[in-house]
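Data first, discussion second: the structure below is written as structure tokens.
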Number of protein chains: 2
Amino acid sequence: MTQRPPSPIGVFDSGLGGLTVAKALAERLPHEQLVYLGDTARVPYGTRSPATVVRYARNNVAFLRKQGVKLVVVACNTVSAHGLAGLTDGGDLPIVGVIRPGARAALAASSGGTLAVLGTPGTIRSGAYEQAVHELDPEREVVSIACPLFVPLVEEGWTQHAVTTAVAREYLEPLRGSRVDTLILGCTHYPLLRETITAVATELLGREIAIVDSASAVASDVAALLEKLGLTAPSFDATGEETRPPAHRFCVTDAPDRVGEVALQFFGRSIGAFEHVDVLPSPA
Amino acid sequence: MTQRPPSPIGVFDSGLGGLTVAKALAERLPHEQLVYLGDTARVPYGTRSPATVVRYARNNVAFLRKQGVKLVVVACNTVSAHGLAGLTDGGDLPIVGVIRPGARAALAASSGGTLAVLGTPGTIRSGAYEQAVHELDPEREVVSIACPLFVPLVEEGWTQHAVTTAVAREYLEPLRGSRVDTLILGCTHYPLLRETITAVATELLGREIAIVDSASAVASDVAALLEKLGLTAPSFDATGEETRPPAHRFCVTDAPDRVGEVALQFFGRSIGAFEHVDVLPSPA
């Protein structure tokens, strides 16, 4: 008897940065197939108006639903910051963003000190991380720091570079003499700067600090939610062999030329081929 | 007798960087009205596929045509690099890009040495400046340097900053010991870095160098073309009074919130209000 393969997990981001979240998911849930969607034709979302961002996100969710996914991970801080309600068109598709898992993981890692959130200007302006922290701990002090140059620096490949260290020193200056004990990397690109950020934060604070990235936090939350919903793919098949999920699918909305190298950087291993897809609703 | 006011000049860019070109036009042609269009809902173009860029550009030209413009300036290096043929739908609307005027101005400023072009990765990859130079002087040596961090640095407001100087030193390193005598600022954002770029280039070459920005070169070309076509707005009215053109119009395709400050930086003076416009062809 051939069993229908379990449904995949859908992941989308405005671009390729969300591959850091896909990477964390693939590591945490090795028996699950992923369908990744990078909306590269409309990246970046951070500078768009809220109405535009929500419209784009709904297109992406609808596309992933058509691929038969059992759960959608919004690996995009901008979309997550605008709220996930309404993205699934009233359906019952479970949806997980990056903000709440990040906030929860930061509170778990902290010893009661101030939390610092690093993010793009859009994410910081939204106040979404602060809000998510305060829903869990209304008294907790949160410092928010916009770091607009971090994404371009990662995309330039300068993850270990004197210029990046100088930029980090300028952005993280508010840490000096503060009570910050935990730092949230509130952007999917920032895990690639973890080493530089850790070094600069330690230097400015004169002590070690917990660094939480949303990607790992999301992966843990997705594992727990699948378990709770009884949707986890089986680890072993009927013959007792460990299951191997079908190959992950990687989709982009603009031409898939030249994405391979960037993708390798974010996903940590080479991705065979990107599918070029259209997420716009077809005219009726 | 009331005369119909002369038609405006249309200018478009993917975002607000093209306002440096609008600024040069307003200074060079004070009697002309401008209609500026920043396609902020779809910025940036540099990372899009050629087919997508051309489709967007055609939408923009069609929008400007509907505003009754007499000439279109493509203040966007990415679009100019893909070629302007076909953007006007076979109509006779004159169209001026930024590449050829920049190349011509650089050859005029040079004393026969090598030309260096600074641009975004997309512009550099296109080879459009090299090609435009070689159409005029096939033997001229051209060095092309992609400077991906310059746009984010300008947008961060770090036009005079130690980090920007450090980045410029790294990008301009190929100038050291070279025969470069003229540098083309091949991106609408770069005029704001003119001082830093000049200082670093002088330091690396040990001598002064001519710096050409496309914005001024375009303004001169547009002035000459209007003159040739007999489309120049009159400087004086029938009573001998100096004419004052109607107020310039500034349009953007995404919500016009928060564009004012950036616009001030590029245009050099405050812009009253941006109109929010839709450039997509209406469904028939």
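Order determines the names: the first chain of the structure tokens is A, the second B, and so forth; residues in each chain are numbered 1 upward, and ligands are numbered 1 upward as they are shown.
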
Inset, instruction - Please provide the set of residues having any atom within 10 Å of B:Arg169, restricted to only C-alpha atoms, with same-chain residues fewer than 5 positions apart removed, written as number ranges by chain. - result: B: 163-164, 174-175, 196-197, 199-201, 203-204

Could you list, as a tab-separated table (two decimals) with N, CA and C atoms, in the first residue's frame, the residues of chain B having an atom within 9 Å of chain A when counting only C-alpha atoms?
chain	number	residue	atom	x	y	z
B	40	THR	N	7.83	54.21	-6.35
B	40	THR	CA	8.23	53.72	-5.03
B	40	THR	C	7.56	52.40	-4.64
B	41	ALA	N	6.44	52.07	-5.30
B	41	ALA	CA	5.77	50.80	-4.97
B	41	ALA	C	6.56	49.62	-5.53
B	42	ARG	N	7.43	49.89	-6.51
B	42	ARG	CA	8.13	48.77	-7.17
B	42	ARG	C	9.64	48.92	-7.13
B	43	VAL	N	10.12	49.95	-6.39
B	43	VAL	CA	11.56	50.13	-6.22
B	43	VAL	C	12.12	48.92	-5.46
B	44	PRO	N	13.35	48.45	-5.64
B	44	PRO	CA	14.31	48.90	-6.63
B	44	PRO	C	14.19	48.11	-7.92
B	47	THR	N	17.48	44.95	-9.11
B	47	THR	CA	17.53	43.51	-8.86
B	47	THR	C	16.51	42.74	-9.70
B	48	ARG	N	15.74	43.46	-10.54
B	48	ARG	CA	14.68	42.79	-11.32
B	48	ARG	C	15.24	42.27	-12.65
B	49	SER	N	14.51	41.36	-13.26
B	49	SER	CA	14.90	40.84	-14.57
B	49	SER	C	14.63	41.91	-15.63
B	52	THR	N	11.01	42.48	-16.65
B	52	THR	CA	10.23	43.19	-15.62
B	52	THR	C	10.55	44.68	-15.64
B	148	PRO	N	27.81	48.56	-4.35
B	148	PRO	CA	26.47	48.25	-3.83
B	148	PRO	C	26.10	48.97	-2.54
B	149	LEU	N	27.09	49.35	-1.71
B	149	LEU	CA	26.73	49.95	-0.42
B	149	LEU	C	26.50	51.46	-0.50
B	152	PRO	N	22.56	52.42	-0.02
B	152	PRO	CA	22.13	52.34	1.38
B	152	PRO	C	22.80	53.39	2.28
B	153	LEU	N	24.07	53.70	2.04
B	153	LEU	CA	24.75	54.69	2.87
B	153	LEU	C	24.13	56.08	2.69
B	155	GLU	N	21.05	56.58	1.74
B	155	GLU	CA	19.70	56.52	2.32
B	155	GLU	C	19.74	56.53	3.84
B	156	GLU	N	20.84	56.08	4.42
B	156	GLU	CA	21.03	56.17	5.87
B	156	GLU	C	21.40	57.60	6.28
B	162	ALA	N	32.77	58.44	8.60
B	162	ALA	CA	34.00	57.64	8.53
B	162	ALA	C	33.73	56.30	7.85
B	163	VAL	N	32.56	55.71	8.11
B	163	VAL	CA	32.24	54.41	7.50
B	163	VAL	C	32.16	54.56	5.97
B	164	THR	N	31.54	55.64	5.52
B	164	THR	CA	31.40	55.85	4.07
B	164	THR	C	32.78	56.04	3.43
B	166	ALA	N	35.53	54.75	4.55
B	166	ALA	CA	36.17	53.43	4.55
B	166	ALA	C	35.63	52.57	3.40
B	167	VAL	N	34.32	52.64	3.17
B	167	VAL	CA	33.72	51.87	2.07
B	167	VAL	C	34.25	52.38	0.73
B	254	ASP	N	3.72	54.42	-4.32
B	254	ASP	CA	3.35	53.87	-3.02
B	254	ASP	C	2.88	55.04	-2.15
B	255	ALA	N	2.41	54.74	-0.96
B	255	ALA	CA	1.91	55.79	-0.07
B	255	ALA	C	2.99	56.87	0.12
B	256	PRO	N	2.59	58.14	0.03
B	256	PRO	CA	3.60	59.21	0.08
B	256	PRO	C	4.02	59.59	1.50
B	257	ASP	N	3.78	58.73	2.49
B	257	ASP	CA	4.23	59.03	3.84
B	257	ASP	C	5.75	58.94	3.89

Legend entry - Nearest to B:Asp39, chosen from B:Ser270, B:Leu115, B:Cys251, B:Val69, with only C-alpha atoms counted in the distances: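 Distance minimum relative to B:Asp39 lands on B:Cys251.
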
Inset, instruction - From a DSSP calculation on the backbone, collect every residue of stretch 41-129 of chain B in strand (DSSP E or B) and output the set as JSON, numbers by chain. - result: {"B": [71, 72, 73, 74, 95, 96, 114, 115, 116, 117, 118, 119]}

Inset, instruction - Would you return as an NGL selection string the members of stretch 102-250 of chain B that DSSP assigns to alpha helix (DSSP H) on this structure's backbone? - result: :B and (102-109 or 121-126 or 128-136 or 150-155 or 162-171 or 194-205 or 214-229)

Please produce an output containing C-alpha atoms for each residue in the selection, written as a PDB file, in the first residue's frame.
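File produced: result.pdb:
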ATOM      1  CA  GLY B 102      27.050  60.860 -18.700  1.00  0.00           C
ATOM      2  CA  ALA B 103      29.405  59.104 -21.124  1.00  0.00           C
ATOM      3  CA  ARG B 104      29.583  62.155 -23.382  1.00  0.00           C
ATOM      4  CA  ALA B 105      30.247  64.524 -20.467  1.00  0.00           C
ATOM      5  CA  ALA B 106      32.990  62.239 -19.159  1.00  0.00           C
ATOM      6  CA  LEU B 107      34.780  62.189 -22.515  1.00  0.00           C
ATOM      7  CA  ALA B 108      34.516  65.984 -22.658  1.00  0.00           C
ATOM      8  CA  ALA B 109      36.006  66.332 -19.163  1.00  0.00           C
ATOM      9  CA  PRO B 121      25.824  46.132  -9.525  1.00  0.00           C
ATOM     10  CA  GLY B 122      23.012  46.074 -12.116  1.00  0.00           C
ATOM     11  CA  THR B 123      24.306  49.102 -14.015  1.00  0.00           C
ATOM     12  CA  ILE B 124      27.888  47.837 -13.965  1.00  0.00           C
ATOM     13  CA  ARG B 125      26.859  44.333 -15.030  1.00  0.00           C
ATOM     14  CA  SER B 126      24.957  45.795 -17.994  1.00  0.00           C
ATOM     15  CA  ALA B 128      25.999  50.201 -20.677  1.00  0.00           C
ATOM     16  CA  TYR B 129      28.389  53.043 -19.799  1.00  0.00           C
ATOM     17  CA  GLU B 130      31.326  51.234 -21.385  1.00  0.00           C
ATOM     18  CA  GLN B 131      29.249  50.678 -24.501  1.00  0.00           C
ATOM     19  CA  ALA B 132      28.145  54.329 -24.630  1.00  0.00           C
ATOM     20  CA  VAL B 133      31.759  55.487 -24.233  1.00  0.00           C
ATOM     21  CA  HIS B 134      32.963  53.100 -26.927  1.00  0.00           C
ATOM     22  CA  GLU B 135      30.309  54.304 -29.362  1.00  0.00           C
ATOM     23  CA  LEU B 136      31.953  57.720 -29.101  1.00  0.00           C
ATOM     24  CA  PHE B 150      26.693  53.556  -1.685  1.00  0.00           C
ATOM     25  CA  VAL B 151      22.899  53.726  -2.110  1.00  0.00           C
ATOM     26  CA  PRO B 152      22.125  52.344   1.380  1.00  0.00           C
ATOM     27  CA  LEU B 153      24.751  54.695   2.874  1.00  0.00           C
ATOM     28  CA  VAL B 154      23.125  57.717   1.199  1.00  0.00           C
ATOM     29  CA  GLU B 155      19.699  56.518   2.322  1.00  0.00           C
ATOM     30  CA  ALA B 162      33.997  57.643   8.528  1.00  0.00           C
ATOM     31  CA  VAL B 163      32.239  54.413   7.496  1.00  0.00           C
ATOM     32  CA  THR B 164      31.400  55.849   4.072  1.00  0.00           C
ATOM     33  CA  THR B 165      35.013  56.938   3.607  1.00  0.00           C
ATOM     34  CA  ALA B 166      36.168  53.426   4.551  1.00  0.00           C
ATOM     35  CA  VAL B 167      33.719  51.869   2.070  1.00  0.00           C
ATOM     36  CA  ALA B 168      34.807  54.303  -0.664  1.00  0.00           C
ATOM     37  CA  ARG B 169      38.475  53.439  -0.016  1.00  0.00           C
ATOM     38  CA  GLU B 170      37.685  49.768  -0.538  1.00  0.00           C
ATOM     39  CA  TYR B 171      35.593  50.296  -3.691  1.00  0.00           C
ATOM     40  CA  ARG B 194      30.629  63.662  -4.360  1.00  0.00           C
ATOM     41  CA  GLU B 195      32.776  65.132  -1.565  1.00  0.00           C
ATOM     42  CA  THR B 196      33.714  61.774  -0.041  1.00  0.00           C
ATOM     43  CA  ILE B 197      34.364  60.196  -3.441  1.00  0.00           C
ATOM     44  CA  THR B 198      36.487  63.170  -4.556  1.00  0.00           C
ATOM     45  CA  ALA B 199      38.580  63.052  -1.367  1.00  0.00           C
ATOM     46  CA  VAL B 200      39.168  59.299  -1.563  1.00  0.00           C
ATOM     47  CA  ALA B 201      39.925  59.354  -5.308  1.00  0.00           C
ATOM     48  CA  THR B 202      42.445  62.183  -4.849  1.00  0.00           C
ATOM     49  CA  GLU B 203      44.056  60.296  -1.960  1.00  0.00           C
ATOM     50  CA  LEU B 204      44.372  57.069  -3.945  1.00  0.00           C
ATOM     51  CA  LEU B 205      45.609  58.705  -7.164  1.00  0.00           C
ATOM     52  CA  SER B 214      24.978  62.193 -15.022  1.00  0.00           C
ATOM     53  CA  ALA B 215      22.397  64.565 -13.538  1.00  0.00           C
ATOM     54  CA  SER B 216      24.070  67.757 -14.805  1.00  0.00           C
ATOM     55  CA  ALA B 217      24.958  66.073 -18.102  1.00  0.00           C
ATOM     56  CA  VAL B 218      21.311  65.099 -18.638  1.00  0.00           C
ATOM     57  CA  ALA B 219      20.107  68.634 -17.904  1.00  0.00           C
ATOM     58  CA  SER B 220      22.442  70.047 -20.566  1.00  0.00           C
ATOM     59  CA  ASP B 221      21.327  67.432 -23.095  1.00  0.00           C
ATOM     60  CA  VAL B 222      17.651  68.096 -22.406  1.00  0.00           C
ATOM     61  CA  ALA B 223      18.175  71.856 -22.821  1.00  0.00           C
ATOM     62  CA  ALA B 224      19.851  71.288 -26.190  1.00  0.00           C
ATOM     63  CA  LEU B 225      17.193  68.830 -27.359  1.00  0.00           C
ATOM     64  CA  LEU B 226      14.262  71.122 -26.431  1.00  0.00           C
ATOM     65  CA  GLU B 227      16.005  73.946 -28.268  1.00  0.00           C
ATOM     66  CA  LYS B 228      16.488  71.766 -31.351  1.00  0.00           C
ATOM     67  CA  LEU B 229      12.861  70.596 -31.322  1.00  0.00           C
TER      68      LEU B 229
END

Legend entry - For B:His31: contacts at 7 Å, only C-alpha atoms, fewer than 3 positions along chain excluded, given as a list in words: Ala233, Ser235, Thr243, Arg244 and Pro245 of chain B

Inset, instruction - Would you mind listing what lies within 8 Å of B:Gly38 as a count of residues only, with only C-alpha atoms counted and same-chain residues fewer than 5 positions away left out? - result: 10

Legend entry - Who sits within 8 Å of A:Ile145, only C-alpha atoms, same chain under 4 positions skipped, as number ranges by chain: A: 116-119, 124, 171-172

Just write the chosen residues, N, CA and C atoms, as a PDB file, in the first residue's frame.
ATOM      1  N   ALA A 116      17.145  44.009  24.049  1.00  0.00           N
ATOM      2  CA  ALA A 116      17.393  44.915  22.928  1.00  0.00           C
ATOM      3  C   ALA A 116      16.972  44.214  21.642  1.00  0.00           C
ATOM      4  N   VAL A 117      16.218  44.922  20.799  1.00  0.00           N
ATOM      5  CA  VAL A 117      15.789  44.372  19.511  1.00  0.00           C
ATOM      6  C   VAL A 117      16.525  45.100  18.400  1.00  0.00           C
ATOM      7  N   LEU A 118      17.200  44.343  17.533  1.00  0.00           N
ATOM      8  CA  LEU A 118      17.790  44.930  16.330  1.00  0.00           C
ATOM      9  C   LEU A 118      16.898  44.581  15.153  1.00  0.00           C
ATOM     10  N   GLY A 119      16.615  45.548  14.296  1.00  0.00           N
ATOM     11  CA  GLY A 119      15.761  45.253  13.145  1.00  0.00           C
ATOM     12  C   GLY A 119      15.906  46.292  12.056  1.00  0.00           C
ATOM     13  N   ILE A 124      11.332  48.074  13.345  1.00  0.00           N
ATOM     14  CA  ILE A 124      11.486  48.852  14.582  1.00  0.00           C
ATOM     15  C   ILE A 124      10.343  49.858  14.715  1.00  0.00           C
ATOM     16  N   TYR A 171      25.704  51.472  15.641  1.00  0.00           N
ATOM     17  CA  TYR A 171      24.312  51.099  15.930  1.00  0.00           C
ATOM     18  C   TYR A 171      24.129  50.634  17.377  1.00  0.00           C
ATOM     19  N   LEU A 172      25.115  49.871  17.883  1.00  0.00           N
ATOM     20  CA  LEU A 172      24.940  49.251  19.209  1.00  0.00           C
ATOM     21  C   LEU A 172      25.382  50.163  20.352  1.00  0.00           C
TER      22      LEU A 172
END

Legend entry - Nearest-residue call for A:Leu37, choices A:Gly186, A:Gly240, A:Gly17, A:Gly91, using only C-alpha atoms: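 For A:Leu37, the nearest of the candidates is A:Gly17.
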
Inset, instruction - Could you tell me how far atom CA of A:Ser178 lies from atom CA of B:Gly157, in Å and to one decimal? - result: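 That distance, rounded to one decimal, is 26.2 Å.
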